[in-house]
Amino acid sequence: AEAGLPAGSPVHLVDVGASAGLNLCLDRFDYDYSGERVVTGNPASARVTLVCDKRGGFALPTATPVVGERVGLDLAPLDVTDPDAAAWLEALVWPEHQDRLERLRSAIQIRRETPVRLIAGDATRTLAALADELPPGPAVVFHTMMAYQLDDASRTALDDAVAALAASRPVARVAAEAVEVSHRPQVRVGLRWSDAEPVAMAHAHGRWLERA
């Protein structure tokens with residue numbers, strides 16, 4: 001809703017820094033915002049409910065979008081259909097966070113049942129190629145806790161790649177990246193990070209979301 005994309009057609013998802021493709025399954029997760037639920041009718045054999053404390057007044061979507069293509073861009077994408085890769089990902093969860101481990105295992109199962117295309121390479125280059133590869137329709141380019149790995153030149157190149165994709169279709173960029181002052185993720189919507197509008201602050205693991 002914040003992105004303002006045209007309604008009525010499937011939205012292609014492009015995750016820069018692919019997070020093993022898990023975030024590309026966002027329409028197959030259920031959501032609980034301080035007791036207000038958004039249920040997807042997920043057809044997968046596993047279920048994931050993401051619980052978030054909603055702080056501040058903002059309207060919630062009544063449903064998740066209809067998704068077209070799901071594309072993840074990463075220098076070295078992790079394929080959780082490989083049991084060893086999935087086990088390595090599980091090992092990254094802090095041992096006292098049993099709830100996160102159980103949620104991750106369910107998310108991995110959903111990901112295995114969801115068609116996702118993972119493309120290896122520098123996203124500033126692979127994103128540009130998507131202009132010719134994606135079917136017609138709007139796209140959301142998003143990334144979470146990724147930009148800190150980029151130098152200034154790479155950030156500018158990513159901005160340019162997103163803008164180039166937007167020349168051929170409606171595109172929204174949604175970024176959740178740490179800000180220097182608080183080190184909390186700030187959610188911004190806009191093609192270029194420097195010009196994007198802050199819409200919310202968030203907990204690093206999504207436990208709360210506060211209107212900016």
# chains A, B, ... in the order shown; residues from 1 in each chain; ligands from 1
call {"tool": "closest_atom_pairs", "arguments": {"of": "range 94-193 of chain A", "to": "range 73-89 of chain A", "cutoff": "8 Å", "atoms": "only C-alpha atoms", "output": "tab-separated table"}}
result
residue	atom	partner	partner_atom	distance
A:Ile108	CA	A:Val80	CA	6.6
A:Arg111	CA	A:Val80	CA	7.8
A:Arg112	CA	A:Thr81	CA	5.8
A:Leu118	CA	A:Leu73	CA	6.0
A:Ile119	CA	A:Leu73	CA	5.0
A:Ala120	CA	A:Leu75	CA	5.1
A:Gly121	CA	A:Leu75	CA	4.5
A:Asp122	CA	A:Leu75	CA	5.7
A:Ala123	CA	A:Leu73	CA	5.7
A:Thr126	CA	A:Leu73	CA	7.2
A:Leu127	CA	A:Leu73	CA	7.5
call {"tool": "closest_atom_pairs", "arguments": {"of": "range 93-167 of chain A", "to": "range 19-25 of chain A", "cutoff": "12 Å", "atoms": "only C-alpha atoms", "output": "tab-separated table"}}
result
residue	atom	partner	partner_atom	distance
A:Arg103	CA	A:Leu22	CA	11.3
A:Leu104	CA	A:Leu22	CA	9.0
A:Arg105	CA	A:Leu22	CA	10.7
A:Ser106	CA	A:Leu22	CA	10.4
A:Ala107	CA	A:Leu22	CA	6.6
A:Ile108	CA	A:Leu22	CA	7.0
A:Gln109	CA	A:Leu22	CA	9.7
A:Ile110	CA	A:Cys25	CA	7.4
A:Arg111	CA	A:Leu22	CA	5.9
A:Arg112	CA	A:Leu22	CA	9.4
A:Glu113	CA	A:Cys25	CA	9.7
A:Thr114	CA	A:Cys25	CA	7.1
A:Pro115	CA	A:Cys25	CA	9.2
A:Val116	CA	A:Gly21	CA	6.7
A:Arg117	CA	A:Gly21	CA	8.2
A:Leu118	CA	A:Gly21	CA	7.2
A:Ile119	CA	A:Gly21	CA	10.5
A:Ala120	CA	A:Ala20	CA	11.5
A:Val140	CA	A:Leu24	CA	10.6
A:Val141	CA	A:Leu24	CA	10.6
A:Phe142	CA	A:Asn23	CA	9.5
A:His143	CA	A:Ser19	CA	9.2
A:Thr144	CA	A:Ser19	CA	8.7
A:Met145	CA	A:Ser19	CA	10.1
A:Met146	CA	A:Ser19	CA	9.7
call {"tool": "write_last_selection", "arguments": {"atoms": "C-alpha atoms", "output": "PDB file, in the first residue's frame"}}
result
ATOM      1  CA  ARG A 103       9.662 -20.655  12.639  1.00  0.00           C
ATOM      2  CA  LEU A 104      12.715 -20.923  10.389  1.00  0.00           C
ATOM      3  CA  ARG A 105      12.171 -24.646   9.850  1.00  0.00           C
ATOM      4  CA  SER A 106       8.575 -24.019   8.809  1.00  0.00           C
ATOM      5  CA  ALA A 107       9.665 -21.170   6.523  1.00  0.00           C
ATOM      6  CA  ILE A 108      12.239 -23.440   4.887  1.00  0.00           C
ATOM      7  CA  GLN A 109       9.510 -25.989   4.180  1.00  0.00           C
ATOM      8  CA  ILE A 110       7.329 -23.284   2.607  1.00  0.00           C
ATOM      9  CA  ARG A 111      10.270 -22.086   0.537  1.00  0.00           C
ATOM     10  CA  ARG A 112      10.878 -25.634  -0.756  1.00  0.00           C
ATOM     11  CA  GLU A 113       7.288 -25.733  -2.002  1.00  0.00           C
ATOM     12  CA  THR A 114       7.408 -22.277  -3.618  1.00  0.00           C
ATOM     13  CA  PRO A 115       8.930 -21.663  -7.076  1.00  0.00           C
ATOM     14  CA  VAL A 116      11.751 -19.144  -6.628  1.00  0.00           C
ATOM     15  CA  ARG A 117      14.524 -18.135  -9.006  1.00  0.00           C
ATOM     16  CA  LEU A 118      17.864 -17.345  -7.358  1.00  0.00           C
ATOM     17  CA  ILE A 119      20.445 -15.564  -9.513  1.00  0.00           C
ATOM     18  CA  ALA A 120      24.103 -15.513  -8.489  1.00  0.00           C
ATOM     19  CA  VAL A 140       8.788  -4.503  -5.882  1.00  0.00           C
ATOM     20  CA  VAL A 141      12.540  -4.446  -5.338  1.00  0.00           C
ATOM     21  CA  PHE A 142      13.363  -4.885  -1.661  1.00  0.00           C
ATOM     22  CA  HIS A 143      16.332  -5.516   0.604  1.00  0.00           C
ATOM     23  CA  THR A 144      16.796  -5.993   4.339  1.00  0.00           C
ATOM     24  CA  MET A 145      19.998  -5.337   6.319  1.00  0.00           C
ATOM     25  CA  MET A 146      22.063  -5.576   3.146  1.00  0.00           C
TER      26      MET A 146
END
call {"tool": "closest_residue", "arguments": {"among": "A:Ser154, A:Thr62, A:Thr40, A:Thr49", "to": "Glu102 in chain A", "atoms": "only C-alpha atoms"}}
result
A:Thr49
call {"tool": "closest_residue", "arguments": {"among": "A:Arg28, A:Arg155, A:His205, A:His97", "to": "Thr64 in chain A", "atoms": "only C-alpha atoms"}}
result
A:Arg28
call {"tool": "residues_around", "arguments": {"residues": "Gly35 in chain A", "least_positions_apart": "5", "cutoff": "9 Å", "atoms": "only C-alpha atoms", "output": "mmCIF file with N, CA and C atoms, in the first residue's frame"}}
result
data_model
loop_
_atom_site.group_PDB
_atom_site.id
_atom_site.type_symbol
_atom_site.label_atom_id
_atom_site.label_comp_id
_atom_site.auth_asym_id
_atom_site.auth_seq_id
_atom_site.Cartn_x
_atom_site.Cartn_y
_atom_site.Cartn_z
ATOM 1 N N VAL A 51 4.678 -12.539 14.180
ATOM 2 C CA VAL A 51 4.019 -11.710 15.191
ATOM 3 C C VAL A 51 4.812 -10.422 15.364
ATOM 4 N N CYS A 52 4.117 -9.300 15.265
ATOM 5 C CA CYS A 52 4.774 -7.997 15.320
ATOM 6 C C CYS A 52 3.935 -7.044 16.164
ATOM 7 N N ASP A 53 4.588 -6.322 17.067
ATOM 8 C CA ASP A 53 3.919 -5.301 17.865
ATOM 9 C C ASP A 53 3.816 -4.027 17.037
#
call {"tool": "closest_residue", "arguments": {"among": "A:Trp94, A:Pro10, A:Ala139, A:Gly56", "to": "Ala212 in chain A", "atoms": "only C-alpha atoms"}}
result
A:Gly56
call {"tool": "select_by_dssp", "arguments": {"residues": "chain A", "states": "strand (DSSP E or B)", "output": "ChimeraX atom specification"}}
result
/A:11-16,30-33,36-38,49-55,67-74,117-120,139-144,171-178,185-189,197-202,208-211
call {"tool": "closest_residue", "arguments": {"among": "A:Ala196, A:Leu134, A:Ala164, A:Ala175", "to": "His12 in chain A", "atoms": "only C-alpha atoms"}}
result
A:Leu134
call {"tool": "select_by_dssp", "arguments": {"residues": "range 25-180 of chain A", "states": "helix (DSSP H, G or I)", "output": "PyMOL selection string"}}
result
chain A and resi 25-28+83-91+98-112+123-133+147-149+152-166
call {"tool": "residues_around", "arguments": {"residues": "Gly190 in chain A", "least_positions_apart": "3", "cutoff": "7 Å", "atoms": "only C-alpha atoms", "output": "JSON list (two decimals) with C-alpha atoms, in the first residue's frame"}}
result
[["chain", "number", "residue", "atom", "x", "y", "z"],
["A", 172, "ALA", "CA", 8.64, 0.35, -5.90],
["A", 173, "ARG", "CA", 11.73, -0.07, -3.79],
["A", 174, "VAL", "CA", 11.24, -1.02, -0.15],
["A", 193, "TRP", "CA", 17.78, 5.40, -0.89],
["A", 195, "ASP", "CA", 15.48, 10.30, -1.64],
["A", 196, "ALA", "CA", 13.27, 7.57, -0.19],
["A", 197, "GLU", "CA", 10.58, 8.45, 2.31]]
call {"tool": "atom_distance", "arguments": {"atom1": "CA of Val11 in chain A", "atom2": "CA of Asp132 in chain A"}}
result
15.9 Å
call {"tool": "decode", "arguments": {"residues": "range 158-175 of chain A", "atoms": "N, CA and C atoms", "output": "compact mmCIF listing (two decimals), in the first residue's frame"}}
result
# COMPACT_ATOMS: atom_id res chain seq x y z
N LEU A 158 23.51 0.50 -7.39
CA LEU A 158 22.24 -0.16 -7.11
C LEU A 158 21.08 0.81 -7.33
N ASP A 159 21.23 2.05 -6.88
CA ASP A 159 20.21 3.07 -7.14
C ASP A 159 19.94 3.19 -8.64
N ASP A 160 21.01 3.23 -9.42
CA ASP A 160 20.87 3.39 -10.87
C ASP A 160 20.19 2.17 -11.49
N ALA A 161 20.52 0.97 -10.98
CA ALA A 161 19.92 -0.25 -11.52
C ALA A 161 18.42 -0.30 -11.24
N VAL A 162 18.02 0.12 -10.05
CA VAL A 162 16.59 0.17 -9.72
C VAL A 162 15.88 1.18 -10.61
N ALA A 163 16.50 2.34 -10.79
CA ALA A 163 15.89 3.37 -11.63
C ALA A 163 15.77 2.90 -13.08
N ALA A 164 16.76 2.14 -13.55
CA ALA A 164 16.70 1.62 -14.92
C ALA A 164 15.55 0.64 -15.08
N LEU A 165 15.35 -0.22 -14.07
CA LEU A 165 14.22 -1.15 -14.13
C LEU A 165 12.90 -0.39 -14.14
N ALA A 166 12.85 0.71 -13.40
CA ALA A 166 11.63 1.50 -13.31
C ALA A 166 11.31 2.23 -14.61
N ALA A 167 12.26 2.28 -15.52
CA ALA A 167 12.00 2.93 -16.80
C ALA A 167 11.11 2.08 -17.69
N SER A 168 11.01 0.77 -17.38
CA SER A 168 10.24 -0.14 -18.24
C SER A 168 8.94 -0.63 -17.62
N ARG A 169 8.69 -0.30 -16.33
CA ARG A 169 7.50 -0.81 -15.64
C ARG A 169 7.34 -0.03 -14.34
N PRO A 170 6.17 -0.09 -13.70
CA PRO A 170 6.03 0.49 -12.37
C PRO A 170 6.88 -0.29 -11.36
N VAL A 171 7.70 0.39 -10.61
CA VAL A 171 8.60 -0.24 -9.64
C VAL A 171 8.53 0.52 -8.33
N ALA A 172 8.47 -0.22 -7.23
CA ALA A 172 8.64 0.35 -5.90
C ALA A 172 9.84 -0.31 -5.25
N ARG A 173 10.60 0.47 -4.55
CA ARG A 173 11.73 -0.07 -3.79
C ARG A 173 11.41 0.08 -2.31
N VAL A 174 11.49 -1.02 -1.59
CA VAL A 174 11.24 -1.02 -0.15
C VAL A 174 12.51 -1.52 0.53
N ALA A 175 13.07 -0.70 1.40
CA ALA A 175 14.34 -1.04 2.05
C ALA A 175 14.17 -0.99 3.56
